[in-house]
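Peer 1: See run-v2.pdb below, with PDB, C-alpha atoms, pLDDT in the B column.
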```pdb
MODEL        1
ATOM      1  CA  MET A   1      -3.910 -17.318   4.549  1.00 83.00           C
ATOM      2  CA  GLU A   2      -3.090 -13.644   4.043  1.00 94.00           C
ATOM      3  CA  LYS A   3      -5.922 -11.217   3.388  1.00 95.00           C
ATOM      4  CA  SER A   4      -7.071  -7.675   3.991  1.00 98.00           C
ATOM      5  CA  TYR A   5      -9.344  -7.242   7.002  1.00 98.00           C
ATOM      6  CA  ILE A   6     -10.151  -3.541   7.112  1.00 98.00           C
ATOM      7  CA  GLY A   7     -13.040  -4.006   4.688  1.00 97.00           C
ATOM      8  CA  LEU A   8     -14.471  -6.633   7.045  1.00 97.00           C
ATOM      9  CA  MET A   9     -14.507  -4.294  10.036  1.00 98.00           C
ATOM     10  CA  ASN A  10     -17.718  -2.801  11.388  1.00 97.00           C
ATOM     11  CA  GLU A  11     -18.817  -0.298   8.751  1.00 97.00           C
ATOM     12  CA  ASN A  12     -20.484   2.061  11.221  1.00 98.00           C
ATOM     13  CA  TYR A  13     -17.372   2.148  13.378  1.00 98.00           C
ATOM     14  CA  LEU A  14     -15.162   3.019  10.400  1.00 98.00           C
ATOM     15  CA  LYS A  15     -17.560   5.799   9.394  1.00 97.00           C
ATOM     16  CA  GLU A  16     -17.556   7.079  12.959  1.00 97.00           C
ATOM     17  CA  ILE A  17     -13.774   7.543  12.938  1.00 97.00           C
ATOM     18  CA  GLY A  18     -13.869   9.164   9.509  1.00 96.00           C
ATOM     19  CA  PHE A  19     -12.903   6.400   7.070  1.00 97.00           C
ATOM     20  CA  THR A  20     -14.679   6.582   3.718  1.00 97.00           C
ATOM     21  CA  LYS A  21     -15.294   3.735   1.283  1.00 97.00           C
ATOM     22  CA  GLU A  22     -12.537   5.246  -0.865  1.00 97.00           C
ATOM     23  CA  ASP A  23     -10.080   5.056   2.055  1.00 97.00           C
ATOM     24  CA  ILE A  24     -10.971   1.428   2.735  1.00 98.00           C
ATOM     25  CA  THR A  25     -10.690   0.479  -0.936  1.00 98.00           C
ATOM     26  CA  ARG A  26      -7.308   2.210  -1.182  1.00 98.00           C
ATOM     27  CA  ILE A  27      -5.896   0.347   1.834  1.00 98.00           C
ATOM     28  CA  THR A  28      -7.344  -2.963   0.628  1.00 98.00           C
ATOM     29  CA  THR A  29      -5.771  -2.446  -2.799  1.00 98.00           C
ATOM     30  CA  TYR A  30      -2.330  -1.799  -1.319  1.00 98.00           C
ATOM     31  CA  ILE A  31      -2.599  -4.890   0.879  1.00 98.00           C
ATOM     32  CA  GLN A  32      -3.709  -7.008  -2.067  1.00 98.00           C
ATOM     33  CA  THR A  33      -0.623  -5.784  -3.939  1.00 98.00           C
ATOM     34  CA  GLY A  34       1.550  -6.843  -0.999  1.00 97.00           C
ATOM     35  CA  ILE A  35      -0.056 -10.276  -0.970  1.00 97.00           C
ATOM     36  CA  GLU A  36       0.313 -10.742  -4.728  1.00 97.00           C
ATOM     37  CA  LYS A  37       3.986  -9.742  -4.536  1.00 96.00           C
ATOM     38  CA  HIS A  38       4.549 -12.029  -1.501  1.00 96.00           C
ATOM     39  CA  LEU A  39       6.152  -9.151   0.430  1.00 96.00           C
ATOM     40  CA  TYR A  40       5.390 -10.666   3.852  1.00 95.00           C
ATOM     41  CA  THR A  41       4.252 -14.175   2.942  1.00 94.00           C
ATOM     42  CA  ASP A  42       7.336 -15.944   4.279  1.00 89.00           C
ATOM     43  CA  THR A  43       8.039 -13.784   7.316  1.00 86.00           C
ATOM     44  CA  LYS A  44       8.740 -15.542  10.593  1.00 80.00           C
ATOM     45  CA  ASP A  45       8.333 -12.275  12.490  1.00 80.00           C
ATOM     46  CA  PHE A  46       4.592 -12.291  13.106  1.00 80.00           C
ATOM     47  CA  ASN A  47       4.700  -8.889  14.785  1.00 83.00           C
ATOM     48  CA  HIS A  48       5.583  -7.543  11.333  1.00 88.00           C
ATOM     49  CA  ASP A  49       3.251  -9.468   9.049  1.00 94.00           C
ATOM     50  CA  ILE A  50       0.724  -8.214   6.492  1.00 97.00           C
ATOM     51  CA  LYS A  51      -1.786  -7.378   9.264  1.00 97.00           C
ATOM     52  CA  HIS A  52       0.721  -5.003  10.864  1.00 96.00           C
ATOM     53  CA  ILE A  53       1.263  -3.421   7.456  1.00 98.00           C
ATOM     54  CA  GLU A  54      -2.475  -2.939   6.961  1.00 98.00           C
ATOM     55  CA  ARG A  55      -2.871  -1.230  10.321  1.00 98.00           C
ATOM     56  CA  VAL A  56       0.115   1.037   9.610  1.00 98.00           C
ATOM     57  CA  LEU A  57      -1.480   1.984   6.278  1.00 98.00           C
ATOM     58  CA  ALA A  58      -4.716   2.731   8.142  1.00 98.00           C
ATOM     59  CA  TYR A  59      -2.878   4.947  10.627  1.00 98.00           C
ATOM     60  CA  VAL A  60      -1.136   6.727   7.732  1.00 98.00           C
ATOM     61  CA  GLU A  61      -4.552   7.491   6.205  1.00 98.00           C
ATOM     62  CA  TRP A  62      -5.898   8.574   9.567  1.00 98.00           C
ATOM     63  CA  ILE A  63      -3.024  10.977  10.232  1.00 98.00           C
ATOM     64  CA  LEU A  64      -3.288  12.419   6.713  1.00 98.00           C
ATOM     65  CA  LYS A  65      -7.007  12.999   7.299  1.00 97.00           C
ATOM     66  CA  GLU A  66      -6.321  14.821  10.547  1.00 97.00           C
ATOM     67  CA  LYS A  67      -3.732  16.971   8.803  1.00 97.00           C
ATOM     68  CA  LYS A  68      -6.274  17.907   6.126  1.00 96.00           C
ATOM     69  CA  ASN A  69      -8.721  18.766   8.912  1.00 94.00           C
ATOM     70  CA  HIS A  70      -6.058  21.153  10.192  1.00 94.00           C
ATOM     71  CA  GLY A  71      -5.656  22.665   6.730  1.00 96.00           C
ATOM     72  CA  GLU A  72      -2.375  20.912   5.873  1.00 95.00           C
ATOM     73  CA  THR A  73      -1.912  18.987   2.628  1.00 93.00           C
ATOM     74  CA  LEU A  74       1.314  17.230   1.690  1.00 97.00           C
ATOM     75  CA  GLU A  75       2.795  16.341  -1.677  1.00 97.00           C
ATOM     76  CA  GLN A  76       3.625  12.753  -2.689  1.00 97.00           C
ATOM     77  CA  GLU A  77       1.125  11.129  -0.327  1.00 98.00           C
ATOM     78  CA  ASN A  78       0.986   8.050  -2.557  1.00 98.00           C
ATOM     79  CA  LEU A  79       4.735   7.541  -2.132  1.00 98.00           C
ATOM     80  CA  LEU A  80       4.158   7.562   1.625  1.00 98.00           C
ATOM     81  CA  ARG A  81       1.604   4.782   1.152  1.00 98.00           C
ATOM     82  CA  VAL A  82       4.055   2.795  -0.992  1.00 98.00           C
ATOM     83  CA  ALA A  83       6.721   3.213   1.687  1.00 98.00           C
ATOM     84  CA  ALA A  84       4.238   2.061   4.341  1.00 98.00           C
ATOM     85  CA  LEU A  85       3.502  -1.076   2.313  1.00 98.00           C
ATOM     86  CA  TYR A  86       7.192  -1.927   1.912  1.00 98.00           C
ATOM     87  CA  HIS A  87       8.594  -0.540   5.174  1.00 96.00           C
ATOM     88  CA  ASP A  88       9.192  -3.856   6.959  1.00 95.00           C
ATOM     89  CA  ILE A  89      10.348  -6.109   4.126  1.00 94.00           C
ATOM     90  CA  GLY A  90      13.797  -6.025   5.706  1.00 90.00           C
ATOM     91  CA  LYS A  91      12.254  -7.879   8.653  1.00 85.00           C
ATOM     92  CA  THR A  92      10.837 -10.502   6.292  1.00 85.00           C
ATOM     93  CA  ILE A  93      14.298 -11.501   5.126  1.00 79.00           C
ATOM     94  CA  GLY A  94      15.606 -11.609   8.688  1.00 71.00           C
ATOM     95  CA  ALA A  95      17.414  -8.289   9.075  1.00 66.00           C
ATOM     96  CA  GLU A  96      18.157  -7.125  12.605  1.00 73.00           C
ATOM     97  CA  GLU A  97      16.212  -4.294  14.245  1.00 72.00           C
ATOM     98  CA  LYS A  98      18.970  -1.719  13.635  1.00 73.00           C
ATOM     99  CA  SER A  99      19.533  -2.648   9.993  1.00 83.00           C
ATOM    100  CA  HIS A 100      16.108  -3.664   8.697  1.00 91.00           C
ATOM    101  CA  GLY A 101      15.353  -0.145   7.461  1.00 87.00           C
ATOM    102  CA  ILE A 102      18.553   0.073   5.418  1.00 89.00           C
ATOM    103  CA  ILE A 103      18.197  -3.449   3.987  1.00 92.00           C
ATOM    104  CA  GLY A 104      14.474  -2.978   3.393  1.00 91.00           C
ATOM    105  CA  ALA A 105      15.070   0.301   1.533  1.00 93.00           C
ATOM    106  CA  LYS A 106      17.524  -1.421  -0.795  1.00 94.00           C
ATOM    107  CA  LYS A 107      15.152  -4.331  -1.450  1.00 94.00           C
ATOM    108  CA  ALA A 108      12.210  -2.003  -2.032  1.00 95.00           C
ATOM    109  CA  LYS A 109      14.229  -0.038  -4.578  1.00 95.00           C
ATOM    110  CA  GLU A 110      14.972  -3.225  -6.483  1.00 95.00           C
ATOM    111  CA  LYS A 111      11.334  -4.300  -6.488  1.00 95.00           C
ATOM    112  CA  LEU A 112       9.924  -0.882  -7.366  1.00 97.00           C
ATOM    113  CA  GLU A 113      12.465   0.196  -9.978  1.00 95.00           C
ATOM    114  CA  PRO A 114      10.199  -0.720 -12.947  1.00 94.00           C
ATOM    115  CA  GLU A 115       7.306   1.273 -11.459  1.00 96.00           C
ATOM    116  CA  LEU A 116       8.785   4.517 -10.132  1.00 97.00           C
ATOM    117  CA  SER A 117      11.054   7.294 -11.375  1.00 96.00           C
ATOM    118  CA  PRO A 118      14.559   7.645  -9.869  1.00 95.00           C
ATOM    119  CA  LYS A 119      13.379  10.583  -7.742  1.00 95.00           C
ATOM    120  CA  GLU A 120      10.327   8.677  -6.510  1.00 97.00           C
ATOM    121  CA  LEU A 121      12.493   5.652  -5.703  1.00 97.00           C
ATOM    122  CA  GLU A 122      14.800   7.858  -3.668  1.00 96.00           C
ATOM    123  CA  ILE A 123      11.889   9.254  -1.653  1.00 97.00           C
ATOM    124  CA  VAL A 124      10.470   5.799  -0.875  1.00 97.00           C
ATOM    125  CA  SER A 125      13.948   4.556   0.001  1.00 96.00           C
ATOM    126  CA  LEU A 126      14.555   7.460   2.397  1.00 96.00           C
ATOM    127  CA  LEU A 127      11.215   6.913   4.111  1.00 97.00           C
ATOM    128  CA  ILE A 128      11.823   3.181   4.601  1.00 97.00           C
ATOM    129  CA  GLU A 129      15.385   3.651   5.785  1.00 95.00           C
ATOM    130  CA  THR A 130      14.485   6.410   8.240  1.00 95.00           C
ATOM    131  CA  HIS A 131      11.460   4.657   9.737  1.00 94.00           C
ATOM    132  CA  ALA A 132      13.799   2.289  11.611  1.00 90.00           C
ATOM    133  CA  SER A 133      16.306   4.942  12.681  1.00 90.00           C
ATOM    134  CA  HIS A 134      16.491   6.356  16.200  1.00 88.00           C
ATOM    135  CA  GLU A 135      17.107   9.717  14.552  1.00 91.00           C
ATOM    136  CA  ASP A 136      14.032  11.513  13.278  1.00 93.00           C
ATOM    137  CA  THR A 137      15.820  13.951  10.997  1.00 94.00           C
ATOM    138  CA  ILE A 138      16.504  12.618   7.501  1.00 93.00           C
ATOM    139  CA  GLU A 139      20.101  12.878   6.341  1.00 88.00           C
ATOM    140  CA  PHE A 140      19.929  13.985   2.711  1.00 91.00           C
ATOM    141  CA  LYS A 141      23.191  12.854   1.122  1.00 83.00           C
ATOM    142  CA  ASN A 142      22.961  14.785  -2.151  1.00 79.00           C
ATOM    143  CA  ASP A 143      21.282  17.758  -3.832  1.00 83.00           C
ATOM    144  CA  PHE A 144      18.590  15.626  -5.451  1.00 89.00           C
ATOM    145  CA  PHE A 145      15.844  17.650  -3.740  1.00 95.00           C
ATOM    146  CA  THR A 146      14.966  21.304  -3.275  1.00 95.00           C
ATOM    147  CA  ALA A 147      14.612  22.740   0.215  1.00 95.00           C
ATOM    148  CA  GLU A 148      10.808  22.590  -0.110  1.00 96.00           C
ATOM    149  CA  GLU A 149      10.916  18.962  -1.248  1.00 97.00           C
ATOM    150  CA  LYS A 150      13.128  18.102   1.719  1.00 96.00           C
ATOM    151  CA  ARG A 151      10.631  19.674   4.124  1.00 97.00           C
ATOM    152  CA  ASN A 152       7.824  17.663   2.538  1.00 98.00           C
ATOM    153  CA  ILE A 153       9.780  14.387   2.668  1.00 98.00           C
ATOM    154  CA  GLN A 154      10.613  15.022   6.324  1.00 98.00           C
ATOM    155  CA  ALA A 155       6.901  15.510   7.047  1.00 98.00           C
ATOM    156  CA  LEU A 156       6.104  12.223   5.260  1.00 98.00           C
ATOM    157  CA  SER A 157       8.787  10.499   7.303  1.00 98.00           C
ATOM    158  CA  ASP A 158       7.311  11.816  10.557  1.00 98.00           C
ATOM    159  CA  ILE A 159       3.926  10.370   9.568  1.00 98.00           C
ATOM    160  CA  LEU A 160       5.324   6.929   8.702  1.00 98.00           C
ATOM    161  CA  LYS A 161       7.283   6.740  11.946  1.00 98.00           C
ATOM    162  CA  ASP A 162       4.233   7.795  13.945  1.00 98.00           C
ATOM    163  CA  ALA A 163       1.913   5.363  12.131  1.00 98.00           C
ATOM    164  CA  ASP A 164       4.356   2.541  12.860  1.00 96.00           C
ATOM    165  CA  ALA A 165       4.580   3.630  16.495  1.00 95.00           C
ATOM    166  CA  LEU A 166       0.801   3.734  16.883  1.00 96.00           C
ATOM    167  CA  ASP A 167       0.632   0.022  16.044  1.00 95.00           C
ATOM    168  CA  ARG A 168       2.880  -0.816  18.982  1.00 92.00           C
ATOM    169  CA  ASN A 169      -0.329  -1.290  20.954  1.00 87.00           C
ATOM    170  CA  ARG A 170      -0.444  -4.760  19.356  1.00 84.00           C
ATOM    171  CA  ILE A 171       2.394  -5.688  21.746  1.00 75.00           C
ATOM    172  CA  ASN A 172       0.789  -6.352  25.103  1.00 65.00           C
ATOM    173  CA  TYR A 173       3.444  -4.703  27.263  1.00 54.00           C
ATOM    174  CA  PRO A 174       3.749  -1.115  28.485  1.00 53.00           C
ATOM    175  CA  ALA A 175       6.178   1.269  26.749  1.00 54.00           C
ATOM    176  CA  PRO A 176       9.045   1.096  25.988  1.00 55.00           C
ATOM    177  CA  LEU A 177       8.844  -2.725  25.523  1.00 57.00           C
ATOM    178  CA  GLY A 178       5.411  -2.387  23.963  1.00 65.00           C
ATOM    179  CA  GLY A 179       2.658   0.139  23.611  1.00 76.00           C
ATOM    180  CA  CYS A 180       3.044   3.575  22.098  1.00 88.00           C
ATOM    181  CA  ASP A 181       4.932   6.267  24.002  1.00 89.00           C
ATOM    182  CA  GLU A 182       2.958   9.456  23.368  1.00 92.00           C
ATOM    183  CA  THR A 183       5.935  11.657  24.254  1.00 92.00           C
ATOM    184  CA  LYS A 184       7.861  10.239  21.280  1.00 93.00           C
ATOM    185  CA  LEU A 185       5.197  10.887  18.652  1.00 96.00           C
ATOM    186  CA  ARG A 186       6.270  13.538  16.168  1.00 97.00           C
ATOM    187  CA  THR A 187       2.941  14.891  14.951  1.00 97.00           C
ATOM    188  CA  LYS A 188       0.000  16.342  16.866  1.00 97.00           C
ATOM    189  CA  GLU A 189      -2.270  14.372  14.543  1.00 98.00           C
ATOM    190  CA  ALA A 190      -0.803  11.060  15.704  1.00 98.00           C
ATOM    191  CA  ARG A 191      -1.338  12.135  19.299  1.00 97.00           C
ATOM    192  CA  GLU A 192      -5.000  12.749  18.433  1.00 96.00           C
ATOM    193  CA  VAL A 193      -5.270   9.284  16.867  1.00 97.00           C
ATOM    194  CA  LEU A 194      -3.509   7.581  19.787  1.00 95.00           C
ATOM    195  CA  SER A 195      -6.485   7.865  22.140  1.00 93.00           C
ATOM    196  CA  LYS A 196      -8.609   5.950  19.599  1.00 95.00           C
ATOM    197  CA  SER A 197      -6.015   3.402  18.500  1.00 95.00           C
ATOM    198  CA  ASN A 198      -6.799   0.735  21.111  1.00 93.00           C
ATOM    199  CA  THR A 199     -10.432   0.640  20.025  1.00 95.00           C
ATOM    200  CA  PHE A 200      -9.320   0.430  16.387  1.00 96.00           C
ATOM    201  CA  LEU A 201      -7.088  -2.562  17.215  1.00 95.00           C
ATOM    202  CA  LYS A 202      -9.941  -4.306  19.068  1.00 95.00           C
ATOM    203  CA  GLU A 203     -12.302  -3.780  16.132  1.00 97.00           C
ATOM    204  CA  TYR A 204      -9.654  -4.985  13.679  1.00 97.00           C
ATOM    205  CA  ASN A 205      -8.981  -8.134  15.729  1.00 96.00           C
ATOM    206  CA  LYS A 206     -12.735  -8.717  16.016  1.00 96.00           C
ATOM    207  CA  ALA A 207     -12.954  -8.712  12.210  1.00 97.00           C
ATOM    208  CA  ILE A 208     -10.165 -11.320  12.043  1.00 96.00           C
ATOM    209  CA  ILE A 209     -11.939 -13.602  14.534  1.00 96.00           C
ATOM    210  CA  GLN A 210     -15.300 -13.261  12.774  1.00 95.00           C
ATOM    211  CA  GLU A 211     -13.736 -14.029   9.398  1.00 95.00           C
ATOM    212  CA  LYS A 212     -11.997 -17.125  10.759  1.00 91.00           C
ATOM    213  CA  GLU A 213     -15.272 -18.334  12.279  1.00 92.00           C
ATOM    214  CA  ARG A 214     -17.067 -17.705   8.985  1.00 88.00           C
ATOM    215  CA  THR A 215     -14.538 -19.674   6.935  1.00 87.00           C
ATOM    216  CA  LYS A 216     -14.706 -22.609   9.355  1.00 83.00           C
ATOM    217  CA  LYS A 217     -18.395 -22.967   8.594  1.00 77.00           C
ATOM    218  CA  GLU A 218     -17.823 -23.141   4.834  1.00 71.00           C
TER     219      GLU A 218
ENDMDL
END
```
Just dump the structure as structure tokens.
Peer 2:
Amino acid sequence: MEKSYIGLMNENYLKEIGFTKEDITRITTYIQTGIEKHLYTDTKDFNHDIKHIERVLAYVEWILKEKKNHGETLEQENLLRVAALYHDIGKTIGAEEKSHGIIGAKKAKEKLEPELSPKELEIVSLLIETHASHEDTIEFKNDFFTAEEKRNIQALSDILKDADALDRNRINYPAPLGGCDETKLRTKEAREVLSKSNTFLKEYNKAIIQEKERTKKE
């Protein structure tokens, strides 16, 4: 059964690494939306299930917090969170590694069209498509955005790619087959989070185990 686990993690630990109740509620709400929309319900790729999505959302929040600590605030942060929620839906429908970003971006656009403006849809689409690309630089194919908007979207893309990379520690092999290669992270904030990411994964997995044990007793 799919569920959000971040709210079941050790509260003192989450406070220690800087997560507020608002952060936890926000992540939980996004994950609940993903569950209700069955975004990852039928995936056969269990390395890219709803738990992976939740951890990526957590890393997104964490990186954004570190950026604020450094005095940097970005526009359209909520669109970054939406892109994080939808970023692997291409995997759910069986797309290959090289194409899952492109296919996922198209599917996300279709699903989100009633909720977002054309410009917002384009931003989310670009973020999802680029997260799976070996190239970090976004290729803007039209004049939809100003130069400042392009710089902001590129910064959002760097965060999503880094958040996704940080969760490679769920794969129990050294880089490049698994793990996170620090030299390939794009933001200094992600490099700061990296040293704490293994403990975060252990605490997250502990919450899963404890919840499963609790439900068995019911």
Peer 1: With the cut-off set at 7 Å and counting only C-alpha atoms, tabulate each residue of region 16-61 of chain A with an atom at most that distance from an atom of region 76-99 of chain A, showing the nearest atom pair and its distance in Å to one decimal, ordered by chain and increasing number, as a tab-separated table.
Peer 2:
```
residue	atom	partner	partner_atom	distance
A:Tyr30	CA	A:Leu85	CA	6.9
A:Gly34	CA	A:Leu85	CA	6.9
A:Leu39	CA	A:Ile89	CA	6.4
A:Tyr40	CA	A:Thr92	CA	6.0
A:Asp42	CA	A:Thr92	CA	6.8
A:Thr43	CA	A:Thr92	CA	4.4
A:Lys44	CA	A:Thr92	CA	6.9
A:Asp45	CA	A:Thr92	CA	6.9
A:His48	CA	A:Asp88	CA	6.8
A:Ile53	CA	A:Leu85	CA	6.1
A:Val56	CA	A:Ala84	CA	6.8
A:Leu57	CA	A:Ala84	CA	6.0
```
Peer 1: Closest to Asn10 (chain A) among A:Lys150, A:Arg186, A:Lys196, A:Lys202, using only C-alpha atoms?
Peer 2: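 Once distances to Asn10 (chain A) are computed over only C-alpha atoms, the minimum belongs to A:Lys202.
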Peer 1: Could you tell me which residues the PyMOL selection byres ((chain A and resi 125) around 9) returns for this structure, as JSON, numbers by chain?
Peer 2: {"A": [83, 101, 102, 104, 105, 106, 108, 109, 120, 121, 122, 123, 124, 126, 127, 128, 129, 130]}
Peer 1: Calculated over all atoms listed in the file, which of the candidates A:Ile63, A:Ile24, A:Ile171, A:Ala163 has the smallest distance to Lys188 (chain A)?
Peer 2: A:Ile63
Peer 1: Once the PyMOL selection byres ((chain A and resi 136-142) around 10) has been evaluated on this model, what residues remain selected, and can you format them as a list in words?
Peer 2: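 Taken on the displayed file, the PyMOL selection byres ((chain A and resi 136-142) around 10) yields the residues Leu126, Leu127, Glu129, Thr130, His131, Ala132, Ser133, His134, Glu135, Asp143, Phe144, Phe145, Lys150, Arg151, Ile153, Gln154, Ala155, Ser157, Asp158, Lys161 and Arg186 of chain A.
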Peer 1: Just how far from CA of Trp62 (chain A) is CA of Arg168 (chain A), in Å to one decimal?
Peer 2: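 Atom-to-atom, CA of Arg168 (chain A) and CA of Trp62 (chain A) are spaced 15.9 Å apart.
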Peer 1: If you take every atom of region 48-60 of chain A that the file lists and fit an axis-aligned box around them with 4 Å extra on each side, what centre and edge lengths come out in Å to one decimal, as AutoDock Vina command-line options?
Peer 2:
```
--center_x 0.4 --center_y -1.4 --center_z 8.8 --size_x 18.3 --size_y 24.2 --size_z 13.1
```
Peer 1: Quick one, how far is CA of Ala58 (chain A) from CA of Asp167 (chain A)?
Peer 2: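 Answer for the CA of Ala58 (chain A) to CA of Asp167 (chain A) separation: 9.9 Å.
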Peer 1: Output the residue selection produced by the PyMOL selection byres ((chain A and resi 170) around 12) on the file above, formatted as a VMD selection string.
Peer 2: chain A and resid 46 to 49 51 to 52 55 to 56 164 to 169 171 to 175 177 to 180 197 to 202 204 to 205
Peer 1: How close does region 125-192 of chain A get to region 68-73 of chain A? List, as a Markdown table, each residue of region 125-192 of chain A within 12 Å, its nearest atom pair and the distance in Å to one decimal, counting all atoms listed in the file.
Peer 2:
```
| residue | atom | partner | partner_atom | distance |
| --- | --- | --- | --- | --- |
| A:Asn152 | CA | A:Thr73 | CA | 9.8 |
| A:Ala155 | CA | A:Thr73 | CA | 10.5 |
| A:Leu156 | CA | A:Thr73 | CA | 10.8 |
| A:Thr187 | CA | A:His70 | CA | 12.0 |
| A:Lys188 | CA | A:His70 | CA | 10.2 |
| A:Glu189 | CA | A:His70 | CA | 8.9 |
| A:Glu192 | CA | A:His70 | CA | 11.8 |
```
Peer 1: In Å to one decimal, how far is CA of Glu211 (chain A) from CA of Asp23 (chain A)?
Peer 2: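 Separation between CA of Asp23 (chain A) and CA of Glu211 (chain A): 20.8 Å.
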Peer 1: A:Glu148, A:Ile159, A:Lys107, A:Ile6: which is nearest Lys67 (chain A), counting only C-alpha atoms?
Peer 2: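 Looking at the shortest contact to Lys67 (chain A), the residue is A:Ile159.
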Peer 1: Could you check which of A:Glu11, A:Glu61, A:Glu66, A:Glu2 is closest to Thr33 (chain A), using only C-alpha atoms?
Peer 2: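 Checking each candidate against Thr33 (chain A), we get A:Glu2 as the closest.
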Peer 1: Is it possible to add N, CA, C and O atoms to region 32-47 of chain A and hand it back as an mmCIF file, in the frame of the given file?
Peer 2:
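Output file result.cif follows:
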```
data_model
loop_
_atom_site.group_PDB
_atom_site.id
_atom_site.type_symbol
_atom_site.label_atom_id
_atom_site.label_comp_id
_atom_site.auth_asym_id
_atom_site.auth_seq_id
_atom_site.Cartn_x
_atom_site.Cartn_y
_atom_site.Cartn_z
ATOM 1 N N GLN A 32 -3.611 -5.975 -1.039
ATOM 2 C CA GLN A 32 -3.709 -7.008 -2.067
ATOM 3 C C GLN A 32 -2.443 -7.038 -2.916
ATOM 4 O O GLN A 32 -1.945 -8.114 -3.288
ATOM 5 N N THR A 33 -1.890 -5.858 -3.203
ATOM 6 C CA THR A 33 -0.623 -5.784 -3.939
ATOM 7 C C THR A 33 0.487 -6.468 -3.153
ATOM 8 O O THR A 33 1.289 -7.231 -3.703
ATOM 9 N N GLY A 34 0.538 -6.212 -1.848
ATOM 10 C CA GLY A 34 1.550 -6.843 -0.999
ATOM 11 C C GLY A 34 1.425 -8.350 -0.976
ATOM 12 O O GLY A 34 2.428 -9.074 -0.974
ATOM 13 N N ILE A 35 0.189 -8.828 -0.963
ATOM 14 C CA ILE A 35 -0.056 -10.276 -0.970
ATOM 15 C C ILE A 35 0.366 -10.880 -2.307
ATOM 16 O O ILE A 35 1.043 -11.917 -2.359
ATOM 17 N N GLU A 36 -0.025 -10.230 -3.393
ATOM 18 C CA GLU A 36 0.313 -10.742 -4.728
ATOM 19 C C GLU A 36 1.813 -10.761 -4.965
ATOM 20 O O GLU A 36 2.330 -11.648 -5.659
ATOM 21 N N LYS A 37 2.526 -9.801 -4.374
ATOM 22 C CA LYS A 37 3.986 -9.742 -4.536
ATOM 23 C C LYS A 37 4.725 -10.539 -3.459
ATOM 24 O O LYS A 37 5.955 -10.537 -3.426
ATOM 25 N N HIS A 38 3.964 -11.178 -2.557
ATOM 26 C CA HIS A 38 4.549 -12.029 -1.501
ATOM 27 C C HIS A 38 5.545 -11.244 -0.623
ATOM 28 O O HIS A 38 6.567 -11.789 -0.205
ATOM 29 N N LEU A 39 5.220 -9.987 -0.330
ATOM 30 C CA LEU A 39 6.152 -9.151 0.430
ATOM 31 C C LEU A 39 6.355 -9.659 1.855
ATOM 32 O O LEU A 39 7.435 -9.510 2.417
ATOM 33 N N TYR A 40 5.298 -10.217 2.455
ATOM 34 C CA TYR A 40 5.390 -10.666 3.852
ATOM 35 C C TYR A 40 4.969 -12.132 4.017
ATOM 36 O O TYR A 40 4.854 -12.614 5.139
ATOM 37 N N THR A 41 4.777 -12.808 2.917
ATOM 38 C CA THR A 41 4.252 -14.175 2.942
ATOM 39 C C THR A 41 5.121 -15.118 3.764
ATOM 40 O O THR A 41 4.610 -15.953 4.513
ATOM 41 N N ASP A 42 6.425 -14.988 3.642
ATOM 42 C CA ASP A 42 7.336 -15.944 4.279
ATOM 43 C C ASP A 42 7.979 -15.415 5.561
ATOM 44 O O ASP A 42 8.949 -15.994 6.060
ATOM 45 N N THR A 43 7.435 -14.330 6.101
ATOM 46 C CA THR A 43 8.039 -13.784 7.316
ATOM 47 C C THR A 43 7.836 -14.723 8.501
ATOM 48 O O THR A 43 6.795 -15.361 8.634
ATOM 49 N N LYS A 44 8.848 -14.782 9.349
ATOM 50 C CA LYS A 44 8.740 -15.542 10.593
ATOM 51 C C LYS A 44 8.544 -14.597 11.774
ATOM 52 O O LYS A 44 8.429 -15.022 12.910
ATOM 53 N N ASP A 45 8.538 -13.293 11.466
ATOM 54 C CA ASP A 45 8.333 -12.275 12.490
ATOM 55 C C ASP A 45 6.868 -11.848 12.427
ATOM 56 O O ASP A 45 6.496 -10.957 11.680
ATOM 57 N N PHE A 46 6.034 -12.500 13.232
ATOM 58 C CA PHE A 46 4.592 -12.291 13.106
ATOM 59 C C PHE A 46 4.118 -10.980 13.722
ATOM 60 O O PHE A 46 2.944 -10.634 13.621
ATOM 61 N N ASN A 47 5.029 -10.248 14.364
ATOM 62 C CA ASN A 47 4.700 -8.889 14.785
ATOM 63 C C ASN A 47 4.817 -7.915 13.619
ATOM 64 O O ASN A 47 4.429 -6.755 13.732
#
```
